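Scroll down for the structure; my scribbles are underneath it.
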Number of protein chains: 2
Amino acid sequence: MKINGIEKPIDLIVHNGKVLTMDDQRTVIPDGAVAVAGQAIIAVGRGTDFAQWQCARTLDARGGLIMPGLINTHTHAAMALFRGLADDLPLMTWLNDHIFPAEAKLTPDLVRVGTRLACAELIRSGTTCFCDMYLFEAAVAEAARQCGLRAVVGEVFFDFPSPNYGPIDKGFEYAQELLARWKHDPLIRIAIEPHSPYLCAPELLTRAARLAEDHDALLVIHLSETRVEVAQIQEKYKRTPTGHLAQLGVLSPRLVACHAVVLSEEDIALLAQNGVKVSHNPESNMKLASGVAPVPDLLAAGVCVGLGTDGCASNNNLDLFGEMDTAAKLHKVQRLDPTVMDAATVLAMTTREAARVLGLEREIGSLEAGKRADLIVVDTNQPHLTPMYDPVSHLVYAARGSDVLHSVIDGQVVMENRRLLTLDEAQVLADARQAAALIRPSK
Amino acid sequence: MKINGIEKPIDLIVHNGKVLTMDDQRTVIPDGAVAVAGQAIIAVGRGTDFAQWQCARTLDARGGLIMPGLINTHTHAAMALFRGLADDLPLMTWLNDHIFPAEAKLTPDLVRVGTRLACAELIRSGTTCFCDMYLFEAAVAEAARQCGLRAVVGEVFFDFPSPNYGPIDKGFEYAQELLARWKHDPLIRIAIEPHSPYLCAPELLTRAARLAEDHDALLVIHLSETRVEVAQIQEKYKRTPTGHLAQLGVLSPRLVACHAVVLSEEDIALLAQNGVKVSHNPESNMKLASGVAPVPDLLAAGVCVGLGTDGCASNNNLDLFGEMDTAAKLHKVQRLDPTVMDAATVLAMTTREAARVLGLEREIGSLEAGKRADLIVVDTNQPHLTPMYDPVSHLVYAARGSDVLHSVIDGQVVMENRRLLTLDEAQVLADARQAAALIRPSK
C-alpha cells in the first residue's frame with residue numbers, strides 16, 4: 001500500500017478501539033486504528049481509513065482503548081524477588097536485617113531471574129519501557145532485551161565496594177562495557193547511575209556526570225528521598241542535596257532525580273533552571289514513610305515529572321495504573337484541594353512526560369506516525385470500566401494493569417489476549433520460586 | 001459422611017489452597033480445604049482430612065489462597081453509573097453541577113441497573129458483603145439478593161424531601177416496609193440510615209436511632225467527613241458532630257460512623273466509650289480532599305474500624321484490595337512512620353473487623369465451622385504474587401481484585417474461574433450503557 005506516495009509493507013494493524021494518541025493536541029480518535037511497519041508507527045487514523053489495507057497481522061482492540069505503552073521512570077527490577085520479604089518495619093531494621101542480607105546473596109543469575117519476573121509483571125500491567133538502577137545490570141539489559149522490553153539501565157555507583165564490580169574504578173569499566181555493548185541497540189539504553197549524594201563522594205558524582213556527558217547518556221540519581229539524608233548532606237556540605245549537586249555542576253537536562261521528596265523552594269528553582277527531570281514514586285514514598293514530594297510545585301515551576309514505582313520491596317508492585325491512581329489522590333489530600341493533579345496531568349506522567357524524563361520523547365510516549373510502535377490495548381468492556389464518560393478518568397481512577405489485553409513494543413507483539421509471547425511464564429515463576437528458596441532458605 | 005458423629009451432606013469442598021482463616025489465632029493451613037453444607041461452613045482443615053469426603057461439587061484453588069470474602073462497610077452502589085462523570089473539581093461544583101443533577105434523574109429502575117453493575121464489580125473483586133446507603137434502596141436489596149450478594153441496605157434520610165419517598169414521614173414508612181420485607185432473609189439486612197448531622201435535624205436523628213433500636217438494626221451515618229461540615233455543626237450546636245450525637249443519645253454500638261475524618265481527641269474518646277464502629281474510606285477522602293482519618297488513634301482507643309470504598313463517583317472503583325493498599329500506605333506517610341497500619345491490621349479491616357462493624361461477626365468475617373460460607377480464592381500463581389514469603393503482605397500490597405478466581409457467598413458459588421454465575425454480565429453492561437445515555441444524553 002502507499003502512504004504519501006511511498007510503497008510500504010504493513011506488518012501490524014491494531015484496530016477497533018478508541019485511540020488516545022497523547023500527542024500535543026491530545027487527539028482522541030473514537031473508532032481508530034494504528035498501523036505498524038517494522039518497529040515504527042506508520043499511520044494513526046480512523047478505522048475506516050485502514051479497512052482496505054493488507055497486512056500480515058491484526059490485533060483486535062474489541063472496542064477498548066489503544067494508547068501508548070506506559071513508561072516506568074524508576075525501578076529496581078530484580079527486587080521483584082524480595083517482594084513481601086519484610087514490610088512495615090523501621091527503615092534501618094528493614095534495610096539492615098532484611099534487604100541488605102538478601103542483596104548480599106545476589107548473583108548475575110539471580111538478577112536475571114528477578115528481572116525476567118519483573119518483565120512479566122511489567123508487560124502484564126501495560127508497561128513497555130522502564131528505567132532501572134541496580135547491581136549486575138548487564139544481566140538486566142540482557143533479560144529485558146530477551147523479553148522485548150524497552151529499558152534504560154545503569155549499574156549503580158557508590159563509594160564502598162560493590163558486590164558486583166568491587167572498587168569504583170572497576171565500576172566505571174563495567175559501565176563503559178555496557179555502553180559499548182548496547183551502543184546501537186533499538187531497545188536498550190545505558191545510563192550512568194550514581195546512587196545518591198549521601199552514598200557518593202563529590203569526585204564520584206562529577207566523574208559520573210562527565211561519563212554521561214561524554215556518551216550523551218542519561219544520568220540517574222536518588223535525590224532527597226528522606227529527611228535524614230537531607231540533614232546528613234546539610235551537615236556535611238552546608239547545602240541541600242540539590243544545592244550540593246548544583247555546586248558540583250551535576251544538574252543538567254540529562255539528570256533524572258528520583259524521589260525528590262524533601263525539597264526547598266530554592267531546590268525546586270534549581271531543578272527547573274537546570275532542566276533536571278524528576279521521577280515521582282508516590283507509593284514507595286508512602287510505604288517507607290519518606291514524605292510527599294511537592295509535585296504540584298515542581299509542575300508549576302515547569303519541571304518535567306514522570307511516575308515510577310521504585311522496587312517491589314517498597315511498593316510492592318510494578319503496576320503503573322495503581323501508581324497513577326495513588327499519585328492523583330495523594331496530592332489532593334495533602335493539599336486539601338480536589339483540583340490538583342487532575343487525571344490528564346497524571347496520565348501524561350506515565351506516557352509523554354515520562355518519555356521526556358528519559359530523553360526518549362522523539363521515540364516513544366505518544367502514538368504518532370514515525371514514533372516507535374510501543375502501544376497497549378486496555379479492555380474497557382468490563383463492569384468497573386462501564387459506562388465510560390471519560391477514558392482518561394477511567395485510566396487513572398478505575399483501571400488496573402490486569403485490564404491490559406494486548407501489548408506491542410518496538411513493533412513486536414509481546415502480549416496478546418493476556419498471553420505473554422516473549423516469556424515462558426511458567427518457567428519464570430518456577431525460577432523465581434527456586435531463587436526465593438536461596439534468598440530465604442528457611443521458608 | 002460423619003462429623004462429630006452426625007451424618008451431614010457436604011455440598012461443596014474448596015481445596016488445594018492455603019487457608020487464611022482469619023480466626024482469633026489467625027490460623028493458616030498450608031495445604032488446606034473448606035467444606036460447606038448448605039449455607040454454612042462445616043469444616044476447615046488440611047486437604048488430606050477431606051480426601052475421602054464425597055461431595056456434590058469441588059472448587060480447585062490451584063495452590064492459591066482460600067480466605068474470607070471481603071466486606072465493604074460503606075458504599076453507594078448505584079453510583080457505579082456515575083463513575084467518571086466528573087472528577088478533579090471543587091466539591092460544590094462537583095456536587096451541584098454534576099452529581100445532584102444526575103441523581104435527580106434516578107428511578108428505581110436506574111438504581112437497579114446501577115446496583116447490578118456494582119454487584120458485578122464487587123463479586124469480580126472479591127467482595128461478598130457490602131453496606132449500602134442510597135435512594136430507592138428497595139431496588140438495591142432486590143438487586144443484591146438476585147446477585148447472591150450479602151448486603152446491609154438502608155434508605156437515606158434527610159430533612160428535605162427525597163426524590164424517592166418525599167417527606168420524611170414517608171421515609172420512615174418506606175424503611176418500615178423494608179424491615180418487614182427482609183425480616184428473615186439470609187442475605188439482606190435492613191439498616192436505618194440518617195445521612196449526617198448536617199442534613200438531619202436532631203428530631204430526625206433521635207427518631208432514626210429509636211427505630212434502629214426497636215428493630216435491633218444497624219444505624220449508619222456519615223460523620224465528620226469534612227472540615228466544612230464540622231464548622232457548620234459547631235456554629236449551630238456549639239459541639240462537634242460527635243459531641244452533638246452524644247448529646248442526643250445517638251452514639252451506641254449499633255452506630256456505624258462513615259468517614260470520621262475530622263475528629264478531636266474528645267470525639268475519639270466518645271466513639272470508643274460508646275462502642276461506635278467506624279467505616280474508613282481512605283480513597284474517597286483522598287480524592288475529595290477531605291483529609292486523613294485518625295485511624296491509628298481510633299485503633300489505639302479500641303474503636304472497631306472497617307474499610308469502605310464509598311461510591312464510585314468519588315473513588316472511582318469498588319476494589320477493596322486497592323483500598324487496603326492505600327490504607328496501609330496513607331497512614332504511614334501521614335505519620336512519617338513505616339510501622340503504622342501493618343498489613344495484618346489492614347487485612348482484618350476488610351474481614352473480621354469489617355464483620356464486627358456490621359454486627360455480623362457471628363456470621364461472617366472468618367472461615368470457621370458454623371459460620372456462613374462466604375469465601376474467596378485468590379490466584380497467586382502470577383508474576384506479581386510470586387514468590388510468596390508472606391501471604392498477608394501480598395494481599396495488602398500486591399494483589400488486586402482481578403486476582404480473585406472463585407467466590408462463594410452463603411454457600412452459593414457466585415463466581416467460578418472469573419465467570420459470574422448469578423449475573424448475565426453482557427446484559428449488565430448493556431443496561432449500564434443505556435442508563436448512561438439517559439444520565440448524560442449528549443455523550
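As shown in the C-alpha cells, the chain order sets the letters A, B, ...; within each chain, residues go from 1, and ligands are also counted from 1 in the order they appear.
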
With 6 Å as the cut-off and only C-alpha atoms counted, what is the closest atom pair between each nearby residue of chain B and chain A? Distances in Å to one decimal, ordered by chain and number, as a tab-separated table.
residue	atom	partner	partner_atom	distance
B:Gly84	CA	A:Ser393	CA	5.6
B:Leu85	CA	A:Tyr389	CA	5.7
B:Asp88	CA	A:Thr339	CA	4.5
B:Leu89	CA	A:Thr339	CA	5.1
B:Pro90	CA	A:Pro338	CA	6.0
B:Glu121	CA	A:Pro383	CA	5.5
B:Met286	CA	A:Val333	CA	4.6
B:Lys287	CA	A:Lys329	CA	4.9
B:Leu288	CA	A:Pro338	CA	5.3
B:Ala289	CA	A:Val333	CA	4.2
B:Gly291	CA	A:Val333	CA	5.5
B:Asn316	CA	A:Tyr397	CA	5.3
B:Asn317	CA	A:Ala398	CA	5.3
B:Lys329	CA	A:Lys287	CA	4.9
B:Lys332	CA	A:Ala289	CA	5.1
B:Val333	CA	A:Ala289	CA	4.2
B:Leu336	CA	A:Ala289	CA	4.6
B:Asp337	CA	A:Ala289	CA	5.4
B:Pro338	CA	A:Ala289	CA	5.1
B:Thr339	CA	A:Asp88	CA	4.5
B:Asp342	CA	A:Asp88	CA	5.5
B:Pro383	CA	A:Glu121	CA	5.5
B:His384	CA	A:Glu121	CA	5.7
B:Pro387	CA	A:Arg433	CA	5.2
B:Tyr389	CA	A:Leu85	CA	5.7
B:Ser393	CA	A:Gly84	CA	5.6
B:Tyr397	CA	A:Asn316	CA	5.3
B:Ala398	CA	A:Asn317	CA	5.3
B:Arg433	CA	A:Pro387	CA	5.2

For the interface of region 234-347 of chain B with region 211-226 of chain B (cut-off 8 Å, counting only C-alpha atoms), please tabulate each contacting residue of region 234-347 of chain B alongside its nearest pair of atoms and their separation in Å to one decimal, rows sorted by chain and increasing number, as CSV.
residue,atom,partner,partner_atom,distance
B:Pro241,CA,B:Ser224,CA,6.3
B:Thr242,CA,B:Leu223,CA,7.4
B:Arg254,CA,B:Leu218,CA,5.1
B:Leu255,CA,B:Leu219,CA,4.7
B:Val256,CA,B:Val220,CA,4.7
B:Ala257,CA,B:Ile221,CA,5.3
B:Cys258,CA,B:His222,CA,4.7
B:His259,CA,B:Glu225,CA,5.3
B:Ala260,CA,B:Ser224,CA,5.0
B:Val261,CA,B:Glu225,CA,5.2
B:Val262,CA,B:Ser224,CA,5.3
B:Leu263,CA,B:Ser224,CA,6.9
B:Asn285,CA,B:Glu225,CA,7.7
B:Ser290,CA,B:Thr226,CA,5.2
B:Gly291,CA,B:Thr226,CA,7.3

Output of the above residues as a PDB file, in the first residue's frame, restricted to C-alpha atoms:
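New file part25.pdb:
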ATOM      1  CA  PRO B 241     -20.715  16.406  65.211  1.00  0.00           C
ATOM      2  CA  THR B 242     -19.697  13.551  67.512  1.00  0.00           C
ATOM      3  CA  ARG B 254     -25.145  -0.196  66.659  1.00  0.00           C
ATOM      4  CA  LEU B 255     -23.916   3.068  65.110  1.00  0.00           C
ATOM      5  CA  VAL B 256     -21.594   2.923  62.086  1.00  0.00           C
ATOM      6  CA  ALA B 257     -19.865   6.271  61.584  1.00  0.00           C
ATOM      7  CA  CYS B 258     -18.704   6.553  57.972  1.00  0.00           C
ATOM      8  CA  HIS B 259     -15.585   8.602  57.113  1.00  0.00           C
ATOM      9  CA  ALA B 260     -14.842  10.001  60.618  1.00  0.00           C
ATOM     10  CA  VAL B 261     -12.061  12.181  59.203  1.00  0.00           C
ATOM     11  CA  VAL B 262     -12.180  15.352  61.299  1.00  0.00           C
ATOM     12  CA  LEU B 263     -12.170  14.160  64.922  1.00  0.00           C
ATOM     13  CA  ASN B 285     -11.268  11.020  51.451  1.00  0.00           C
ATOM     14  CA  SER B 290     -11.424  15.700  52.794  1.00  0.00           C
ATOM     15  CA  GLY B 291      -8.408  14.736  54.890  1.00  0.00           C
TER      16      GLY B 291
END

request  = Please run DSSP on the backbone and report, as a list of chain:residue names, all residues within region 7-40 of chain A that come out as strand (DSSP E).
outcome  =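 The residues of region 7-40 of chain A classed as strand (DSSP E) are A:Glu7, A:Leu12, A:Ile13, A:Val14, A:His15, A:Asn16, A:Gly17, A:Lys18, A:Val19, A:Leu20, A:Val28, A:Ile29, A:Pro30, A:Asp31, A:Gly32, A:Ala33, A:Val34, A:Ala35, A:Val36, A:Ala37, A:Ala40.
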
Would you output that residue set with N, CA and C atoms, as a short mmCIF file (atom, residue, chain, number, x, y, z; two decimals), in the first residue's frame?
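Saved the output as out33.cif:
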data_model
loop_
_atom_site.label_atom_id
_atom_site.label_comp_id
_atom_site.auth_asym_id
_atom_site.auth_seq_id
_atom_site.Cartn_x
_atom_site.Cartn_y
_atom_site.Cartn_z
N GLU A 7 5.50 3.34 -1.29
CA GLU A 7 5.04 1.97 -1.09
C GLU A 7 5.68 1.41 0.18
N LEU A 12 1.51 -4.78 10.92
CA LEU A 12 0.53 -4.95 12.00
C LEU A 12 -0.46 -3.80 11.99
N ILE A 13 -1.74 -4.12 12.14
CA ILE A 13 -2.75 -3.08 12.38
C ILE A 13 -3.47 -3.42 13.68
N VAL A 14 -3.52 -2.45 14.57
CA VAL A 14 -4.29 -2.58 15.81
C VAL A 14 -5.56 -1.75 15.59
N HIS A 15 -6.71 -2.38 15.64
CA HIS A 15 -7.93 -1.70 15.21
C HIS A 15 -9.09 -1.95 16.16
N ASN A 16 -10.22 -1.31 15.86
CA ASN A 16 -11.47 -1.49 16.62
C ASN A 16 -11.33 -0.98 18.05
N GLY A 17 -10.74 0.20 18.19
CA GLY A 17 -10.63 0.79 19.53
C GLY A 17 -10.64 2.30 19.45
N LYS A 18 -10.77 2.92 20.61
CA LYS A 18 -10.66 4.37 20.72
C LYS A 18 -9.18 4.67 20.92
N VAL A 19 -8.58 5.46 20.01
CA VAL A 19 -7.16 5.74 20.12
C VAL A 19 -6.92 7.01 20.93
N LEU A 20 -6.22 6.86 22.04
CA LEU A 20 -5.73 8.03 22.80
C LEU A 20 -4.30 8.24 22.34
N VAL A 28 -7.97 12.33 20.27
CA VAL A 28 -8.63 11.05 20.53
C VAL A 28 -9.41 10.69 19.28
N ILE A 29 -9.24 9.46 18.80
CA ILE A 29 -9.93 9.00 17.59
C ILE A 29 -10.90 7.91 17.99
N PRO A 30 -12.22 8.22 17.97
CA PRO A 30 -13.22 7.32 18.54
C PRO A 30 -13.17 5.89 17.97
N ASP A 31 -13.26 5.74 16.67
CA ASP A 31 -13.18 4.39 16.10
C ASP A 31 -11.89 4.34 15.30
N GLY A 32 -10.79 4.14 16.00
CA GLY A 32 -9.48 4.35 15.40
C GLY A 32 -8.66 3.08 15.22
N ALA A 33 -7.49 3.29 14.64
CA ALA A 33 -6.56 2.18 14.41
C ALA A 33 -5.15 2.73 14.30
N VAL A 34 -4.19 1.86 14.52
CA VAL A 34 -2.78 2.21 14.40
C VAL A 34 -2.11 1.18 13.51
N ALA A 35 -1.38 1.67 12.51
CA ALA A 35 -0.68 0.76 11.58
C ALA A 35 0.82 0.81 11.87
N VAL A 36 1.44 -0.36 11.85
CA VAL A 36 2.85 -0.50 12.21
C VAL A 36 3.61 -1.13 11.04
N ALA A 37 4.75 -0.53 10.71
CA ALA A 37 5.65 -1.13 9.72
C ALA A 37 7.00 -1.31 10.39
N ALA A 40 8.17 0.75 13.66
CA ALA A 40 7.62 2.10 13.77
C ALA A 40 6.12 2.17 13.47
#

With a distance cut-off of 9 Å and only C-alpha atoms, select the neighbouring residues of Ile233 (chain B), excluding the residue or stretch itself and same-chain residues fewer than 5 positions from it, and output the selection as a compact mmCIF listing (two decimals) with N, CA and C atoms, in the first residue's frame.
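Final file, around_15.txt:
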# COMPACT_ATOMS: atom_id res chain seq x y z
N PRO B 197 -25.26 14.48 60.51
CA PRO B 197 -25.73 15.53 61.43
C PRO B 197 -26.03 16.84 60.71
N TYR B 198 -25.39 17.13 59.59
CA TYR B 198 -25.63 18.42 58.94
C TYR B 198 -26.83 18.41 58.00
N VAL B 228 -15.59 21.55 56.66
CA VAL B 228 -16.70 22.49 56.49
C VAL B 228 -17.91 22.06 57.31
N LYS B 238 -22.79 24.34 68.86
CA LYS B 238 -21.71 24.57 69.83
C LYS B 238 -21.06 23.26 70.27
N ARG B 239 -21.13 22.28 69.41
CA ARG B 239 -20.49 20.98 69.69
C ARG B 239 -19.91 20.42 68.39
N THR B 240 -18.98 19.48 68.50
CA THR B 240 -18.55 18.75 67.31
C THR B 240 -19.69 17.85 66.87
N PRO B 241 -19.67 17.35 65.64
CA PRO B 241 -20.72 16.41 65.21
C PRO B 241 -20.81 15.21 66.15
N HIS B 244 -22.35 16.35 69.35
CA HIS B 244 -23.78 16.57 69.08
C HIS B 244 -24.55 15.25 69.14

Per-residue DSSP, region 33-227 of chain B, filtered to alpha helix (DSSP H), as a PyMOL selection string = chain B and resi 91-94+100-104+108-124+137-147+168-181+202-214+227

inquiry  = Which residues are close to Lys105 (chain B), i.e. within 10 Å by only C-alpha atoms, leaving aside same-chain residues fewer than 5 positions away? Reply as a list in words.
reply    = Phe100, Leu110, Pro163, Leu438 and Ile439 of chain B

task = Please identify all polymer residues within 8 Å of Val140 (chain B), counting only C-alpha atoms, omitting same-chain residues fewer than 4 positions from it, and present them as number ranges by chain.
result = B: 77-78, 111-112, 115, 136, 144, 153

Skip Glu416 (chain B) itself and residues of its chain fewer than 5 positions away, then list as a compact mmCIF listing (two decimals) with all heavy atoms, in the first residue's frame all residues within 12 Å of it, counting only C-alpha atoms.
# COMPACT_ATOMS: atom_id res chain seq x y z
N VAL B 14 -13.89 -26.63 48.90
CA VAL B 14 -12.90 -25.78 48.23
C VAL B 14 -11.54 -26.26 48.72
O VAL B 14 -11.28 -26.23 49.93
CB VAL B 14 -13.11 -24.29 48.59
CG1 VAL B 14 -12.17 -23.42 47.77
CG2 VAL B 14 -14.56 -23.88 48.39
N ARG B 57 -19.87 -31.00 44.77
CA ARG B 57 -19.13 -30.04 43.95
C ARG B 57 -17.80 -29.71 44.61
O ARG B 57 -17.73 -29.58 45.84
CB ARG B 57 -19.97 -28.77 43.82
CG ARG B 57 -19.43 -27.78 42.83
CD ARG B 57 -20.45 -26.69 42.60
NE ARG B 57 -19.99 -25.78 41.55
CZ ARG B 57 -20.68 -24.73 41.13
NH1 ARG B 57 -21.86 -24.47 41.67
NH2 ARG B 57 -20.21 -23.95 40.18
N THR B 58 -16.77 -29.52 43.83
CA THR B 58 -15.49 -29.06 44.36
C THR B 58 -15.04 -27.83 43.59
O THR B 58 -15.38 -27.65 42.42
CB THR B 58 -14.39 -30.13 44.26
OG1 THR B 58 -14.23 -30.46 42.87
CG2 THR B 58 -14.72 -31.37 45.06
N LEU B 59 -14.30 -26.97 44.28
CA LEU B 59 -13.64 -25.83 43.63
C LEU B 59 -12.15 -25.97 43.89
O LEU B 59 -11.73 -26.08 45.04
CB LEU B 59 -14.13 -24.50 44.24
CG LEU B 59 -15.44 -23.91 43.76
CD1 LEU B 59 -15.70 -22.58 44.50
CD2 LEU B 59 -15.45 -23.67 42.25
N ASP B 60 -11.37 -25.96 42.84
CA ASP B 60 -9.92 -26.11 42.95
C ASP B 60 -9.28 -24.73 43.11
O ASP B 60 -9.40 -23.87 42.24
CB ASP B 60 -9.40 -26.81 41.69
CG ASP B 60 -7.91 -27.13 41.77
OD1 ASP B 60 -7.23 -26.64 42.70
OD2 ASP B 60 -7.44 -27.87 40.89
N ALA B 61 -8.61 -24.53 44.25
CA ALA B 61 -7.94 -23.24 44.50
C ALA B 61 -6.61 -23.12 43.75
O ALA B 61 -5.98 -22.06 43.78
CB ALA B 61 -7.73 -23.03 45.99
N ILE B 123 -18.32 -8.62 43.12
CA ILE B 123 -18.01 -10.05 43.09
C ILE B 123 -16.67 -10.28 42.40
O ILE B 123 -15.82 -11.02 42.88
CB ILE B 123 -19.13 -10.86 42.40
CG1 ILE B 123 -20.44 -10.77 43.19
CG2 ILE B 123 -18.71 -12.32 42.22
CD1 ILE B 123 -21.64 -11.38 42.49
N ARG B 124 -16.47 -9.62 41.27
CA ARG B 124 -15.24 -9.83 40.50
C ARG B 124 -14.00 -9.37 41.26
O ARG B 124 -12.89 -9.78 40.93
CB ARG B 124 -15.32 -9.12 39.14
CG ARG B 124 -16.35 -9.75 38.20
CD ARG B 124 -16.34 -9.10 36.82
NE ARG B 124 -15.10 -9.36 36.12
CZ ARG B 124 -14.81 -10.47 35.46
NH1 ARG B 124 -15.70 -11.44 35.40
NH2 ARG B 124 -13.65 -10.63 34.86
N GLY B 126 -13.74 -9.68 44.66
CA GLY B 126 -13.58 -10.43 45.90
C GLY B 126 -14.43 -9.98 47.08
O GLY B 126 -14.25 -10.46 48.20
N ILE B 376 -13.50 -16.52 49.33
CA ILE B 376 -12.93 -16.29 48.00
C ILE B 376 -11.62 -17.06 47.86
O ILE B 376 -11.00 -17.43 48.86
CB ILE B 376 -12.67 -14.78 47.73
CG1 ILE B 376 -11.72 -14.18 48.76
CG2 ILE B 376 -13.99 -14.02 47.68
CD1 ILE B 376 -11.32 -12.73 48.46
N VAL B 377 -11.25 -17.28 46.61
CA VAL B 377 -9.95 -17.90 46.30
C VAL B 377 -9.15 -16.88 45.48
O VAL B 377 -9.64 -16.35 44.48
CB VAL B 377 -10.13 -19.20 45.50
CG1 VAL B 377 -8.78 -19.71 44.98
CG2 VAL B 377 -10.80 -20.26 46.38
N VAL B 378 -7.93 -16.60 45.95
CA VAL B 378 -7.04 -15.68 45.24
C VAL B 378 -5.98 -16.50 44.50
O VAL B 378 -5.30 -17.34 45.10
CB VAL B 378 -6.36 -14.70 46.23
CG1 VAL B 378 -5.36 -13.81 45.51
CG2 VAL B 378 -7.42 -13.86 46.94
N ASP B 379 -5.87 -16.24 43.21
CA ASP B 379 -4.91 -16.95 42.35
C ASP B 379 -3.53 -16.33 42.52
O ASP B 379 -3.26 -15.24 42.02
CB ASP B 379 -5.38 -16.83 40.89
CG ASP B 379 -4.41 -17.46 39.92
OD1 ASP B 379 -3.49 -18.18 40.35
OD2 ASP B 379 -4.57 -17.22 38.70
N VAL B 404 -8.85 -12.49 42.03
CA VAL B 404 -9.82 -13.40 42.64
C VAL B 404 -10.34 -14.37 41.59
O VAL B 404 -10.82 -13.96 40.53
CB VAL B 404 -10.98 -12.62 43.31
CG1 VAL B 404 -12.01 -13.58 43.89
CG2 VAL B 404 -10.43 -11.70 44.39
N LEU B 405 -10.25 -15.66 41.90
CA LEU B 405 -10.57 -16.71 40.93
C LEU B 405 -11.99 -17.22 41.12
O LEU B 405 -12.76 -17.31 40.16
CB LEU B 405 -9.56 -17.85 41.15
CG LEU B 405 -9.46 -18.96 40.13
CD1 LEU B 405 -9.01 -18.42 38.79
CD2 LEU B 405 -8.46 -20.02 40.64
N HIS B 406 -12.32 -17.58 42.37
CA HIS B 406 -13.65 -18.08 42.70
C HIS B 406 -14.23 -17.28 43.86
O HIS B 406 -13.49 -16.75 44.67
CB HIS B 406 -13.60 -19.54 43.19
CG HIS B 406 -12.78 -20.48 42.36
ND1 HIS B 406 -12.96 -20.63 41.01
CD2 HIS B 406 -11.79 -21.34 42.72
CE1 HIS B 406 -12.10 -21.55 40.57
NE2 HIS B 406 -11.37 -21.99 41.58
N SER B 407 -15.57 -17.26 43.93
CA SER B 407 -16.22 -16.61 45.07
C SER B 407 -17.46 -17.40 45.46
O SER B 407 -18.24 -17.82 44.59
CB SER B 407 -16.59 -15.17 44.73
OG SER B 407 -17.28 -14.58 45.82
N VAL B 408 -17.62 -17.58 46.77
CA VAL B 408 -18.78 -18.31 47.31
C VAL B 408 -19.44 -17.40 48.34
O VAL B 408 -18.76 -16.83 49.20
CB VAL B 408 -18.31 -19.62 48.00
CG1 VAL B 408 -19.50 -20.34 48.64
CG2 VAL B 408 -17.58 -20.52 47.01
N ILE B 409 -20.76 -17.25 48.24
CA ILE B 409 -21.49 -16.45 49.23
C ILE B 409 -22.67 -17.25 49.75
O ILE B 409 -23.49 -17.74 48.97
CB ILE B 409 -22.00 -15.11 48.61
CG1 ILE B 409 -20.83 -14.32 48.00
CG2 ILE B 409 -22.72 -14.27 49.68
CD1 ILE B 409 -21.26 -13.04 47.27
N LEU B 421 -21.71 -16.31 37.89
CA LEU B 421 -22.74 -17.34 37.74
C LEU B 421 -24.13 -16.84 38.11
O LEU B 421 -25.12 -17.49 37.81
CB LEU B 421 -22.39 -18.56 38.61
CG LEU B 421 -21.03 -19.20 38.33
CD1 LEU B 421 -20.82 -20.44 39.19
CD2 LEU B 421 -20.87 -19.55 36.85
N THR B 422 -24.22 -15.69 38.76
CA THR B 422 -25.53 -15.20 39.20
C THR B 422 -25.97 -13.96 38.43
O THR B 422 -27.01 -13.38 38.71
CB THR B 422 -25.50 -14.85 40.70
OG1 THR B 422 -24.43 -13.93 40.93
CG2 THR B 422 -25.30 -16.09 41.54

key: Option closest in space to Phe321 (chain A), from A:Asp297, A:Ala231, A:Thr351, A:Arg207 [counting only C-alpha atoms]   =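 Nearest candidate to Phe321 (chain A) out of A:Asp297, A:Ala231, A:Thr351, A:Arg207: A:Thr351.
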
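Residues with any atom within 9 Å of Leu178 (chain B), counting only C-alpha atoms and excluding same-chain neighbours fewer than 5 positions away, are B:Glu137, B:Ala138, B:Ala141, B:Gly154, B:Glu155, B:Glu173, B:Lys183, B:Ile190.
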
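Of the listed residues A:Pro186, A:Gly148, A:Pro161, A:Pro167, the one whose atoms come nearest to Glu363 (chain A) is A:Pro186, with distances taken using only C-alpha atoms.
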
task = Report the distance between CA of Asn281 (chain A) and CA of Leu245 (chain A) in Å, rounded to one decimal place.
result = 20.7 Å
